[in-house]
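Containing mmCIF, C-alpha atoms and all ligand atoms: input_34.cif.
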data_run
#
loop_
_atom_site.label_atom_id
_atom_site.label_comp_id
_atom_site.auth_asym_id
_atom_site.auth_seq_id
_atom_site.Cartn_x
_atom_site.Cartn_y
_atom_site.Cartn_z
CA MET A 1 75.85 -85.07 6.01
CA ILE A 2 73.37 -83.47 3.62
CA GLU A 3 73.97 -86.32 1.19
CA GLU A 4 73.15 -88.88 3.85
CA ARG A 5 69.93 -87.11 4.74
CA SER A 6 68.75 -86.89 1.13
CA GLN A 7 69.43 -90.61 0.76
CA ALA A 8 67.19 -91.18 3.74
CA ILE A 9 64.17 -89.48 2.16
CA PRO A 10 62.40 -92.19 0.16
CA LYS A 11 61.80 -91.28 -3.46
CA VAL A 12 58.33 -91.34 -4.97
CA ARG A 13 58.85 -92.39 -8.56
CA ILE A 14 56.67 -91.33 -11.47
CA THR A 15 55.24 -94.44 -13.14
CA GLY A 16 53.02 -92.76 -15.73
CA ILE A 17 51.12 -89.63 -16.73
CA VAL A 18 47.59 -89.55 -18.16
CA ALA A 19 46.16 -86.64 -20.16
CA ALA A 20 42.36 -86.54 -19.96
CA PRO A 21 40.63 -84.02 -22.26
CA LEU A 22 37.34 -82.48 -21.16
CA PHE A 23 34.56 -82.54 -23.76
CA GLY A 24 30.94 -81.64 -24.14
CA ASP A 25 30.39 -78.69 -21.82
CA SER A 26 33.19 -76.22 -22.51
CA PRO A 27 31.96 -72.72 -21.68
CA PRO A 28 31.79 -70.50 -24.77
CA GLY A 29 35.10 -68.67 -25.22
CA GLY A 30 33.66 -65.79 -27.19
CA TRP A 31 36.27 -66.59 -29.85
CA SER A 32 35.42 -65.65 -33.40
CA ASN A 33 35.91 -69.39 -34.14
CA GLU A 34 33.70 -70.50 -31.25
CA ILE A 35 34.38 -73.68 -29.23
CA GLN A 36 32.19 -76.63 -30.30
CA PRO A 37 31.00 -79.51 -28.08
CA THR A 38 33.41 -81.80 -29.93
CA ASP A 39 36.39 -79.54 -29.07
CA SER A 40 38.48 -79.91 -25.96
CA VAL A 41 40.29 -76.79 -24.74
CA HIS A 42 41.09 -77.98 -21.22
CA THR A 43 42.88 -81.22 -20.30
CA LEU A 44 43.27 -82.76 -16.87
CA ILE A 45 46.58 -84.40 -15.97
CA ALA A 46 47.08 -87.32 -13.57
CA VAL A 47 50.61 -88.21 -12.46
CA HIS A 48 50.84 -91.76 -11.10
CA THR A 49 53.59 -92.88 -8.72
CA ASP A 50 54.97 -96.05 -7.18
CA ALA A 51 53.88 -94.81 -3.75
CA GLY A 52 50.21 -95.01 -4.69
CA ILE A 53 49.86 -91.22 -4.60
CA THR A 54 48.27 -89.59 -7.65
CA GLY A 55 48.76 -85.89 -8.33
CA PHE A 56 46.36 -83.91 -10.50
CA GLY A 57 46.83 -80.85 -12.68
CA SER A 58 45.22 -78.93 -15.51
CA VAL A 59 46.42 -77.80 -18.94
CA PHE A 60 44.84 -75.16 -21.16
CA THR A 61 44.96 -76.85 -24.53
CA ASP A 62 43.38 -79.44 -26.81
CA GLY A 63 43.59 -82.92 -25.28
CA ARG A 64 45.26 -84.34 -28.39
CA LEU A 65 48.09 -81.82 -28.12
CA ALA A 66 48.45 -82.46 -24.37
CA ALA A 67 48.52 -86.24 -24.94
CA ALA A 68 51.19 -85.90 -27.64
CA ALA A 69 53.30 -83.73 -25.32
CA VAL A 70 52.92 -86.18 -22.43
CA ALA A 71 54.02 -89.03 -24.73
CA HIS A 72 56.99 -87.02 -26.06
CA LEU A 73 58.19 -86.11 -22.56
CA ALA A 74 57.80 -89.65 -21.12
CA PRO A 75 61.48 -90.69 -21.31
CA LEU A 76 62.34 -87.58 -19.26
CA TYR A 77 59.83 -88.05 -16.43
CA LEU A 78 59.41 -91.83 -16.10
CA GLY A 79 61.20 -92.94 -12.92
CA GLU A 80 61.78 -89.33 -11.82
CA ASN A 81 61.22 -88.30 -8.21
CA ALA A 82 57.75 -86.76 -7.96
CA LEU A 83 58.73 -84.99 -4.72
CA GLU A 84 60.88 -82.48 -6.64
CA PRO A 85 58.43 -80.45 -8.74
CA GLU A 86 60.66 -77.53 -9.60
CA ARG A 87 63.64 -79.70 -10.55
CA VAL A 88 61.61 -82.15 -12.63
CA SER A 89 59.75 -79.35 -14.44
CA GLU A 90 63.07 -77.62 -15.15
CA LYS A 91 64.40 -80.89 -16.60
CA LEU A 92 61.37 -81.07 -18.91
CA HIS A 93 61.81 -77.44 -20.00
CA GLN A 94 65.56 -77.72 -20.55
CA ASN A 95 65.29 -80.89 -22.61
CA SER A 96 62.41 -79.79 -24.82
CA PHE A 97 63.91 -76.45 -25.81
CA TRP A 98 64.19 -77.49 -29.48
CA MET A 99 60.80 -79.16 -29.71
CA GLY A 100 58.54 -76.14 -29.46
CA ARG A 101 59.22 -74.29 -26.23
CA GLY A 102 56.52 -71.87 -25.19
CA GLY A 103 53.78 -73.79 -27.00
CA THR A 104 52.05 -77.10 -26.40
CA LEU A 105 55.00 -78.54 -24.51
CA THR A 106 55.10 -75.63 -22.06
CA HIS A 107 51.32 -75.79 -21.59
CA ALA A 108 51.54 -79.55 -20.91
CA ILE A 109 54.45 -79.14 -18.49
CA SER A 110 52.22 -76.69 -16.60
CA GLY A 111 49.74 -79.46 -15.81
CA ILE A 112 52.52 -81.88 -14.87
CA ASP A 113 54.12 -79.29 -12.59
CA ILE A 114 50.80 -78.60 -10.82
CA ALA A 115 50.31 -82.35 -10.32
CA LEU A 116 53.83 -82.74 -8.90
CA TRP A 117 53.16 -80.01 -6.33
CA ASP A 118 49.92 -81.82 -5.51
CA ILE A 119 51.92 -85.03 -4.91
CA LEU A 120 54.49 -83.24 -2.75
CA GLY A 121 51.65 -81.84 -0.65
CA LYS A 122 49.93 -85.20 -0.32
CA ALA A 123 53.22 -86.93 0.58
CA THR A 124 54.06 -84.36 3.27
CA GLY A 125 50.54 -83.63 4.51
CA LEU A 126 50.88 -79.93 3.69
CA PRO A 127 48.83 -77.65 1.43
CA VAL A 128 50.75 -76.42 -1.62
CA GLY A 129 50.55 -72.80 -0.45
CA MET A 130 52.52 -73.75 2.64
CA LEU A 131 55.12 -75.56 0.52
CA LEU A 132 55.44 -72.46 -1.69
CA GLY A 133 56.52 -70.49 1.34
CA GLY A 134 53.53 -69.93 3.59
CA ARG A 135 49.95 -68.77 3.69
CA HIS A 136 49.45 -65.00 3.67
CA ARG A 137 45.66 -65.44 3.77
CA GLU A 138 42.95 -68.02 4.30
CA LYS A 139 40.42 -66.65 1.80
CA VAL A 140 40.30 -64.57 -1.35
CA GLN A 141 37.65 -62.89 -3.47
CA PRO A 142 36.73 -64.64 -6.71
CA TYR A 143 35.65 -62.45 -9.57
CA CYS A 144 33.03 -63.95 -11.83
CA SER A 145 34.17 -63.94 -15.44
CA VAL A 146 31.43 -63.84 -18.07
CA LEU A 147 31.05 -63.10 -21.76
CA MET A 148 29.66 -59.77 -22.87
CA GLU A 149 26.14 -59.65 -24.24
CA GLU A 150 23.89 -56.95 -25.63
CA PRO A 151 22.94 -54.57 -22.78
CA GLY A 152 19.64 -56.27 -21.80
CA PRO A 153 20.99 -59.84 -21.51
CA MET A 154 24.20 -58.45 -19.97
CA ALA A 155 22.25 -57.04 -17.05
CA GLU A 156 20.46 -60.40 -16.60
CA VAL A 157 23.77 -62.29 -16.47
CA ILE A 158 25.14 -60.00 -13.76
CA VAL A 159 21.94 -60.39 -11.73
CA ARG A 160 22.09 -64.20 -12.03
CA PHE A 161 25.65 -64.44 -10.70
CA ARG A 162 25.14 -61.66 -8.16
CA GLU A 163 22.33 -63.78 -6.72
CA GLN A 164 24.83 -66.65 -6.40
CA GLY A 165 26.92 -64.44 -4.13
CA PHE A 166 29.60 -62.99 -6.43
CA ARG A 167 30.56 -59.39 -5.70
CA ALA A 168 33.15 -58.79 -8.43
CA PHE A 169 32.66 -59.32 -12.16
CA LYS A 170 34.59 -59.26 -15.37
CA ILE A 171 32.77 -58.89 -18.66
CA GLY A 172 34.53 -59.40 -21.94
CA TRP A 173 34.72 -60.42 -25.57
CA GLY A 174 31.34 -60.79 -27.33
CA PRO A 175 30.32 -57.66 -29.27
CA PHE A 176 32.69 -55.32 -27.39
CA GLY A 177 34.97 -53.45 -29.81
CA ARG A 178 33.87 -55.70 -32.66
CA ARG A 179 30.93 -53.72 -34.06
CA ASP A 180 32.66 -50.37 -34.56
CA ASP A 181 29.98 -48.96 -32.24
CA PRO A 182 31.32 -47.08 -29.19
CA LYS A 183 27.76 -46.35 -28.03
CA LEU A 184 27.00 -50.08 -27.84
CA ASP A 185 30.27 -50.73 -25.97
CA GLU A 186 29.39 -48.07 -23.42
CA ALA A 187 25.79 -49.28 -23.07
CA ILE A 188 27.00 -52.82 -22.27
CA VAL A 189 29.37 -51.55 -19.57
CA ALA A 190 26.69 -49.26 -18.11
CA ALA A 191 24.14 -52.12 -18.04
CA ALA A 192 26.55 -54.34 -16.11
CA ARG A 193 27.59 -51.52 -13.80
CA ALA A 194 23.97 -50.78 -12.88
CA GLU A 195 23.46 -54.32 -11.55
CA LEU A 196 26.56 -54.53 -9.34
CA PRO A 197 25.99 -55.19 -5.66
CA GLU A 198 26.81 -52.40 -3.21
CA GLY A 199 30.59 -51.91 -3.30
CA GLY A 200 30.94 -54.41 -6.17
CA LYS A 201 33.75 -54.37 -8.73
CA LEU A 202 33.57 -54.41 -12.52
CA MET A 203 36.42 -55.24 -14.90
CA VAL A 204 36.39 -55.16 -18.70
CA ASP A 205 38.24 -57.52 -21.06
CA ALA A 206 38.39 -56.46 -24.71
CA GLY A 207 39.80 -59.84 -25.72
CA GLY A 208 42.57 -58.53 -27.96
CA SER A 209 43.93 -62.07 -28.30
CA ASP A 210 40.92 -63.08 -30.41
CA ALA A 211 41.67 -63.87 -34.05
CA TYR A 212 41.96 -60.73 -36.19
CA TRP A 213 41.36 -58.25 -33.36
CA PRO A 214 40.31 -55.16 -35.34
CA ASN A 215 41.37 -52.27 -33.05
CA GLY A 216 44.57 -50.43 -32.31
CA LEU A 217 46.01 -47.90 -29.89
CA LYS A 218 43.62 -45.04 -30.73
CA TRP A 219 40.59 -47.24 -30.01
CA ALA A 220 42.17 -48.46 -26.79
CA LEU A 221 42.89 -44.90 -25.60
CA ARG A 222 39.33 -43.71 -26.35
CA THR A 223 37.81 -46.81 -24.76
CA ALA A 224 39.98 -46.53 -21.65
CA ASP A 225 38.60 -43.02 -21.18
CA MET A 226 35.03 -44.30 -21.41
CA LEU A 227 35.78 -47.11 -18.93
CA ALA A 228 37.30 -44.65 -16.46
CA ASP A 229 34.02 -42.73 -16.50
CA HIS A 230 32.27 -45.95 -15.46
CA GLU A 231 34.76 -46.66 -12.66
CA VAL A 232 35.96 -49.91 -14.17
CA SER A 233 38.71 -51.55 -12.09
CA TRP A 234 40.88 -52.66 -15.02
CA PHE A 235 40.98 -52.80 -18.82
CA GLU A 236 42.26 -56.17 -20.03
CA GLU A 237 43.75 -57.18 -23.41
CA ALA A 238 42.94 -53.80 -24.94
CA LEU A 239 45.49 -54.46 -27.69
CA VAL A 240 46.84 -57.46 -29.57
CA PRO A 241 49.00 -59.44 -27.11
CA ASP A 242 52.42 -58.58 -28.59
CA ALA A 243 51.92 -54.80 -28.96
CA LEU A 244 54.48 -54.01 -26.29
CA GLU A 245 55.16 -50.38 -27.26
CA ASP A 246 51.47 -49.54 -27.54
CA PHE A 247 50.76 -51.16 -24.18
CA VAL A 248 53.44 -48.90 -22.65
CA THR A 249 51.80 -45.82 -24.18
CA LEU A 250 48.32 -46.95 -23.17
CA ARG A 251 49.37 -47.65 -19.60
CA GLN A 252 51.05 -44.26 -19.26
CA THR A 253 47.96 -42.45 -20.52
CA SER A 254 45.00 -44.46 -19.25
CA ARG A 255 43.19 -43.50 -16.05
CA VAL A 256 42.06 -47.15 -15.80
CA PRO A 257 44.63 -49.80 -14.80
CA ILE A 258 45.82 -51.80 -17.83
CA SER A 259 46.13 -55.58 -17.62
CA GLY A 260 47.24 -58.42 -19.88
CA GLY A 261 49.56 -61.35 -20.40
CA GLU A 262 47.14 -64.30 -20.39
CA VAL A 263 48.44 -65.85 -23.62
CA MET A 264 52.15 -65.55 -22.84
CA THR A 265 54.17 -68.53 -21.65
CA ARG A 266 57.54 -68.82 -19.89
CA ARG A 267 58.77 -66.20 -17.46
CA GLN A 268 61.20 -64.84 -20.04
CA ALA A 269 58.32 -63.63 -22.24
CA PHE A 270 56.94 -61.51 -19.38
CA LEU A 271 60.20 -59.71 -18.65
CA PRO A 272 60.08 -56.99 -21.34
CA PHE A 273 56.46 -56.20 -20.40
CA LEU A 274 57.46 -55.85 -16.74
CA VAL A 275 60.72 -53.99 -17.34
CA GLN A 276 59.06 -51.48 -19.70
CA ARG A 277 55.99 -51.08 -17.46
CA ALA A 278 53.47 -52.20 -20.09
CA PHE A 279 50.93 -53.38 -17.50
CA ASP A 280 49.56 -52.19 -14.19
CA ILE A 281 48.36 -55.77 -13.62
CA VAL A 282 49.93 -58.92 -15.06
CA GLN A 283 47.74 -61.98 -15.66
CA PRO A 284 49.80 -65.12 -16.28
CA ASP A 285 47.89 -68.42 -16.54
CA VAL A 286 49.18 -71.23 -14.31
CA THR A 287 47.93 -73.84 -16.81
CA LYS A 288 49.99 -72.31 -19.63
CA VAL A 289 53.13 -70.59 -18.37
CA GLY A 290 54.82 -73.68 -16.91
CA GLY A 291 52.74 -74.38 -13.81
CA LEU A 292 53.02 -73.27 -10.22
CA SER A 293 56.83 -73.21 -10.30
CA GLU A 294 56.89 -70.71 -13.19
CA GLN A 295 53.83 -68.71 -12.15
CA ARG A 296 55.24 -67.86 -8.74
CA ARG A 297 58.46 -66.63 -10.33
CA ILE A 298 56.50 -64.38 -12.71
CA ALA A 299 54.32 -63.09 -9.88
CA ARG A 300 57.30 -62.38 -7.65
CA THR A 301 59.16 -60.58 -10.45
CA ALA A 302 56.03 -58.51 -11.09
CA GLN A 303 55.95 -57.64 -7.42
CA ASP A 304 59.55 -56.41 -7.63
CA PHE A 305 58.54 -54.08 -10.47
CA GLY A 306 55.50 -52.80 -8.59
CA VAL A 307 53.10 -54.54 -10.98
CA ARG A 308 50.02 -56.24 -9.52
CA TYR A 309 49.50 -59.95 -10.08
CA VAL A 310 46.06 -61.44 -10.70
CA GLY A 311 46.23 -64.92 -12.21
CA HIS A 312 44.32 -65.69 -15.39
CA GLY A 313 42.04 -68.50 -14.31
CA TRP A 314 39.87 -69.39 -17.26
CA ASN A 315 40.38 -73.10 -16.76
CA THR A 316 39.12 -75.92 -14.50
CA ALA A 317 38.52 -76.73 -10.84
CA LEU A 318 42.15 -77.87 -10.66
CA GLY A 319 43.37 -74.68 -12.29
CA LEU A 320 41.34 -72.67 -9.78
CA ALA A 321 42.69 -74.83 -6.95
CA ALA A 322 46.24 -74.01 -8.12
CA ASP A 323 45.35 -70.30 -8.33
CA LEU A 324 43.97 -70.44 -4.78
CA GLN A 325 47.18 -71.97 -3.42
CA LEU A 326 49.18 -69.20 -5.13
CA ALA A 327 46.77 -66.61 -3.77
CA ALA A 328 47.68 -67.93 -0.33
CA ALA A 329 51.43 -68.07 -0.95
CA LEU A 330 51.96 -64.66 -2.57
CA PRO A 331 51.73 -61.31 -0.84
CA ASN A 332 49.13 -58.79 -2.05
CA VAL A 333 46.82 -61.12 -3.97
CA ASP A 334 43.23 -59.97 -3.60
CA LEU A 335 41.39 -61.67 -6.49
CA VAL A 336 41.15 -64.96 -8.37
CA GLU A 337 39.31 -65.47 -11.66
CA TYR A 338 36.26 -67.75 -11.56
CA ILE A 339 34.52 -68.64 -14.85
CA GLY A 340 30.80 -68.13 -14.36
CA GLY A 341 28.74 -71.26 -14.98
CA SER A 342 31.48 -73.67 -16.10
CA ALA A 343 30.81 -77.38 -15.56
CA TYR A 344 34.59 -77.92 -15.50
CA VAL A 345 34.91 -75.64 -12.44
CA ASP A 346 31.63 -76.35 -10.65
CA GLY A 347 31.02 -79.95 -11.67
CA LEU A 348 34.20 -81.98 -11.06
CA LEU A 349 34.87 -81.95 -7.32
CA THR A 350 33.52 -84.08 -4.48
CA ASP A 351 33.06 -80.85 -2.48
CA PRO A 352 32.43 -78.04 -4.98
CA PHE A 353 33.69 -74.52 -4.28
CA THR A 354 31.26 -72.40 -2.28
CA LEU A 355 31.20 -68.67 -1.61
CA ASP A 356 30.89 -67.37 1.93
CA ALA A 357 28.46 -64.58 2.92
CA ASP A 358 30.99 -61.93 1.81
CA GLY A 359 31.44 -63.54 -1.60
CA ASN A 360 34.88 -64.98 -0.77
CA LEU A 361 36.39 -68.42 -1.34
CA SER A 362 38.22 -70.29 1.41
CA ILE A 363 41.67 -71.41 0.32
CA PRO A 364 41.82 -75.19 0.89
CA ASP A 365 44.18 -76.17 3.71
CA ARG A 366 44.14 -79.91 3.10
CA PRO A 367 47.26 -81.62 1.66
CA GLY A 368 48.32 -80.81 -1.90
CA LEU A 369 45.93 -78.68 -3.93
CA GLY A 370 43.42 -79.47 -1.20
CA VAL A 371 40.58 -80.54 -3.50
CA THR A 372 39.26 -83.99 -4.47
CA LEU A 373 38.10 -84.93 -7.94
CA ASP A 374 34.93 -87.03 -8.08
CA PRO A 375 35.70 -89.84 -10.57
CA GLU A 376 32.05 -90.18 -11.64
CA LYS A 377 31.72 -86.46 -12.28
CA VAL A 378 34.99 -86.33 -14.21
CA ALA A 379 33.83 -89.31 -16.31
CA ARG A 380 30.91 -87.21 -17.62
CA TYR A 381 33.38 -85.03 -19.50
CA ALA A 382 36.62 -87.04 -19.82
CA PRO A 383 36.26 -90.21 -21.92
CA ASN A 384 39.41 -91.72 -20.39
CA ALA A 385 38.68 -90.69 -16.78
CA ALA A 386 39.10 -94.30 -15.61
CA GLN A 387 42.79 -94.19 -16.58
CA MET A 388 43.28 -91.09 -14.43
CA PHE A 389 42.00 -92.86 -11.32
CA ALA A 390 43.30 -96.35 -12.18
CA GLN A 391 45.89 -96.24 -9.42
CA GLU A 392 43.37 -95.26 -6.78
CA ALA A 393 40.86 -98.01 -7.59
MG MG B 401 41.08 -62.26 -20.66
#
Would you encode the structure as structure tokens?
Amino acid sequence: MIEERSQAIPKVRITGIVAAPLFGDSPPGGWSNEIQPTDSVHTLIAVHTDAGITGFGSVFTDGRLAAAAVAHLAPLYLGENALEPERVSEKLHQNSFWMGRGGTLTHAISGIDIALWDILGKATGLPVGMLLGGRHREKVQPYCSVLMEEPGPMAEVIVRFREQGFRAFKIGWGPFGRRDDPKLDEAIVAAARAELPEGGKLMVDAGGSDAYWPNGLKWALRTADMLADHEVSWFEEALVPDALEDFVTLRQTSRVPISGGEVMTRRQAFLPFLVQRAFDIVQPDVTKVGGLSEQRRIARTAQDFGVRYVGHGWNTALGLAADLQLAAALPNVDLVEYIGGSAYVDGLLTDPFTLDADGNLSIPDRPGLGVTLDPEKVARYAPNAAQMFAQEA
């Protein structure tokens, strides 16, 4: 009986996948080897099907790496049923185990997985959040993520985005922890804090995943104390990403919640950090870990361990759209990350994201990811944008 029914559901076959790197307006990463206009660090994915439905996703990596991964995986996905995101993504993971799991391939599969969920939503007329199990909420607060500056310019940045309606902010990277100057670090935090709106939130990201992060546990403990005095809501990447034991110690001691996990991929990598209670807040990135299918498993496991989930969302409008659908589908999500002033978030959609009077974002309830790319806008940044939309023309 079940077999007969599944035969009756028409398949939507994958006919091709396009990787489209974004160039020219990447927001500064604050990395010691800073992003150049000729670098791509985010890549859009388009999955084409024989039903005329195109699904879109986003990958955090260089477009050349994403394109190579998409080409390598082609024999596994061509002809596959696009209406089965979790099964198809699992097939890609299982069959690329020996080819660099956890790296470029996993990042690329993330974008494919997001696009497959988008297709399933478009084919069924349902928003992805509904397909993931239901919508716990219709809106969520975005926190504006910006690079740290010297205290004067830092205050100006907070004012600029506060005036755009943001009520929560994360400042990070830049000079923080990199000048061996605790007074400067504190002055930056105080300058940002002073410009928060009434009841606003401030988070601090040390950026311990930068190349050659110079500080260790003692610095992190001292800095956490300072941040607690300034009522910071969390302390992110206070240590190098793999310092599991030190994260456990820091979390046990710190008065400020400790967060991390943005550079890890695959749910298996998160397990020891959750089991050993290394984080108060875990921050997987849907465009790296394996997509929506993997991210929801990580978030649900975190929930079982009493660890908060706030997705890392330093990506694109499609990455944010995926984060919003997860924010709807998971219990207890109260924030999404929103890169301040990124053309790849604000400048790609037909209807750009807008904040309501309370500084919240509505979670799209249209089919799929619920957002529409504007081909002309995408073409400003993606040299091969036409290939992405070829099927829709
Ligand atoms: Mg971060």
Could you list the protein, DNA and RNA residues that have any atom within 12 Å of ligand MG 401 (chain B), counting all atoms listed in the file, and write them as a short mmCIF file (atom, residue, chain, number, x, y, z; two decimals) with C-alpha atoms, keeping the file's coordinate frame?
data_model
loop_
_atom_site.label_atom_id
_atom_site.label_comp_id
_atom_site.auth_asym_id
_atom_site.auth_seq_id
_atom_site.Cartn_x
_atom_site.Cartn_y
_atom_site.Cartn_z
CA GLY A 29 35.10 -68.67 -25.22
CA GLY A 30 33.66 -65.79 -27.19
CA TRP A 31 36.27 -66.59 -29.85
CA SER A 145 34.17 -63.94 -15.44
CA VAL A 146 31.43 -63.84 -18.07
CA LEU A 147 31.05 -63.10 -21.76
CA MET A 148 29.66 -59.77 -22.87
CA LYS A 170 34.59 -59.26 -15.37
CA ILE A 171 32.77 -58.89 -18.66
CA GLY A 172 34.53 -59.40 -21.94
CA TRP A 173 34.72 -60.42 -25.57
CA GLY A 174 31.34 -60.79 -27.33
CA MET A 203 36.42 -55.24 -14.90
CA VAL A 204 36.39 -55.16 -18.70
CA ASP A 205 38.24 -57.52 -21.06
CA ALA A 206 38.39 -56.46 -24.71
CA GLY A 207 39.80 -59.84 -25.72
CA GLY A 208 42.57 -58.53 -27.96
CA SER A 209 43.93 -62.07 -28.30
CA ASP A 210 40.92 -63.08 -30.41
CA TRP A 234 40.88 -52.66 -15.02
CA PHE A 235 40.98 -52.80 -18.82
CA GLU A 236 42.26 -56.17 -20.03
CA GLU A 237 43.75 -57.18 -23.41
CA ALA A 238 42.94 -53.80 -24.94
CA LEU A 239 45.49 -54.46 -27.69
CA VAL A 240 46.84 -57.46 -29.57
CA PRO A 241 49.00 -59.44 -27.11
CA ILE A 258 45.82 -51.80 -17.83
CA SER A 259 46.13 -55.58 -17.62
CA GLY A 260 47.24 -58.42 -19.88
CA GLY A 261 49.56 -61.35 -20.40
CA GLU A 262 47.14 -64.30 -20.39
CA VAL A 263 48.44 -65.85 -23.62
CA MET A 264 52.15 -65.55 -22.84
CA VAL A 282 49.93 -58.92 -15.06
CA GLN A 283 47.74 -61.98 -15.66
CA PRO A 284 49.80 -65.12 -16.28
CA ASP A 285 47.89 -68.42 -16.54
CA VAL A 310 46.06 -61.44 -10.70
CA GLY A 311 46.23 -64.92 -12.21
CA HIS A 312 44.32 -65.69 -15.39
CA GLY A 313 42.04 -68.50 -14.31
CA TRP A 314 39.87 -69.39 -17.26
CA ASN A 315 40.38 -73.10 -16.76
CA GLU A 337 39.31 -65.47 -11.66
CA TYR A 338 36.26 -67.75 -11.56
CA ILE A 339 34.52 -68.64 -14.85
#
Give, as AutoDock Vina command-line options, the centre coordinates and the x, y and z edge lengths in Å to one decimal for an axis-aligned box around all listed atoms of stretch 196-211 of chain A, padded by 8 Å on each side.
--center_x 35.0 --center_y -57.9 --center_z -18.6 --size_x 33.9 --size_y 28.0 --size_z 46.8
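Among the candidates A:Gln94, A:Thr15, A:Ser32, A:Thr104, the one nearest to A:Leu78 when counting only C-alpha atoms is A:Thr15.
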*Shell around stretch 328-332 of chain A at 7 Å using only C-alpha atoms, local window under 6 positions removed, as a ChimeraX atom specification*: /A:129-130,132-138,363
Next, write the just-selected residues to a file, as a PDB file, in the frame of the given file, keeping C-alpha atoms as the atom set.
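And here is the file that came out, again.pdb:
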ATOM      1  CA  GLY A 129      50.550 -72.800  -0.450  1.00  0.00           C
ATOM      2  CA  MET A 130      52.520 -73.750   2.640  1.00  0.00           C
ATOM      3  CA  LEU A 132      55.440 -72.460  -1.690  1.00  0.00           C
ATOM      4  CA  GLY A 133      56.520 -70.490   1.340  1.00  0.00           C
ATOM      5  CA  GLY A 134      53.530 -69.930   3.590  1.00  0.00           C
ATOM      6  CA  ARG A 135      49.950 -68.770   3.690  1.00  0.00           C
ATOM      7  CA  HIS A 136      49.450 -65.000   3.670  1.00  0.00           C
ATOM      8  CA  ARG A 137      45.660 -65.440   3.770  1.00  0.00           C
ATOM      9  CA  GLU A 138      42.950 -68.020   4.300  1.00  0.00           C
ATOM     10  CA  ILE A 363      41.670 -71.410   0.320  1.00  0.00           C
TER      11      ILE A 363
END
Kindly provide the residues of stretch 248-346 of chain A that approach stretch 105-109 of chain A to within 8 Å, each paired with its closest atom pair and their distance in Å to one decimal, based on only C-alpha atoms, listed by chain and increasing number, as a tab-separated table.
residue	atom	partner	partner_atom	distance
A:Thr265	CA	A:Thr106	CA	7.2
A:Arg266	CA	A:Thr106	CA	7.6
A:Thr287	CA	A:His107	CA	6.2
A:Lys288	CA	A:His107	CA	4.2
A:Val289	CA	A:His107	CA	6.4
A:Gly290	CA	A:Thr106	CA	5.5
A:Gly291	CA	A:Ile109	CA	6.9
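Shortest atom-to-atom contact with A:Ser26 among A:Asp62, A:Glu86, A:Glu245, A:Asp50: A:Asp62, counting only C-alpha atoms.
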*For A:Thr54, list every protein, DNA or RNA residue within 9 Å, evaluated using all atoms listed in the file, and leave out those in the same chain fewer than 5 positions away; present the list as number ranges by chain.*
A: 46-49, 115-116, 118-119, 122, 388-389, 391-392
*asked:* Please report the interatomic distance between atom CA of A:Leu326 and atom CA of A:Arg296 in Å with one decimal.
replied: 7.2 Å
*Near A:Gly370, counting all atoms listed in the file, which residues have an atom at most 12 Å away, once you skip same-chain residues fewer than 3 positions from it, shown as a ChimeraX atom specification?*
/A:55-56,115,117-122,125-130,317-318,320-325,349-353,362-367,373
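Counting all atoms listed in the file, the residue from A:Asp185, A:Glu294, A:Asp346, A:Asp358 that sits nearest to A:Glu90 is A:Glu294.
For the residues A:Asn81, A:Ser89, A:Thr253, A:Gln36, ranking by smallest atom-to-atom distance to A:Ile112 using all atoms listed in the file places A:Ser89 first.
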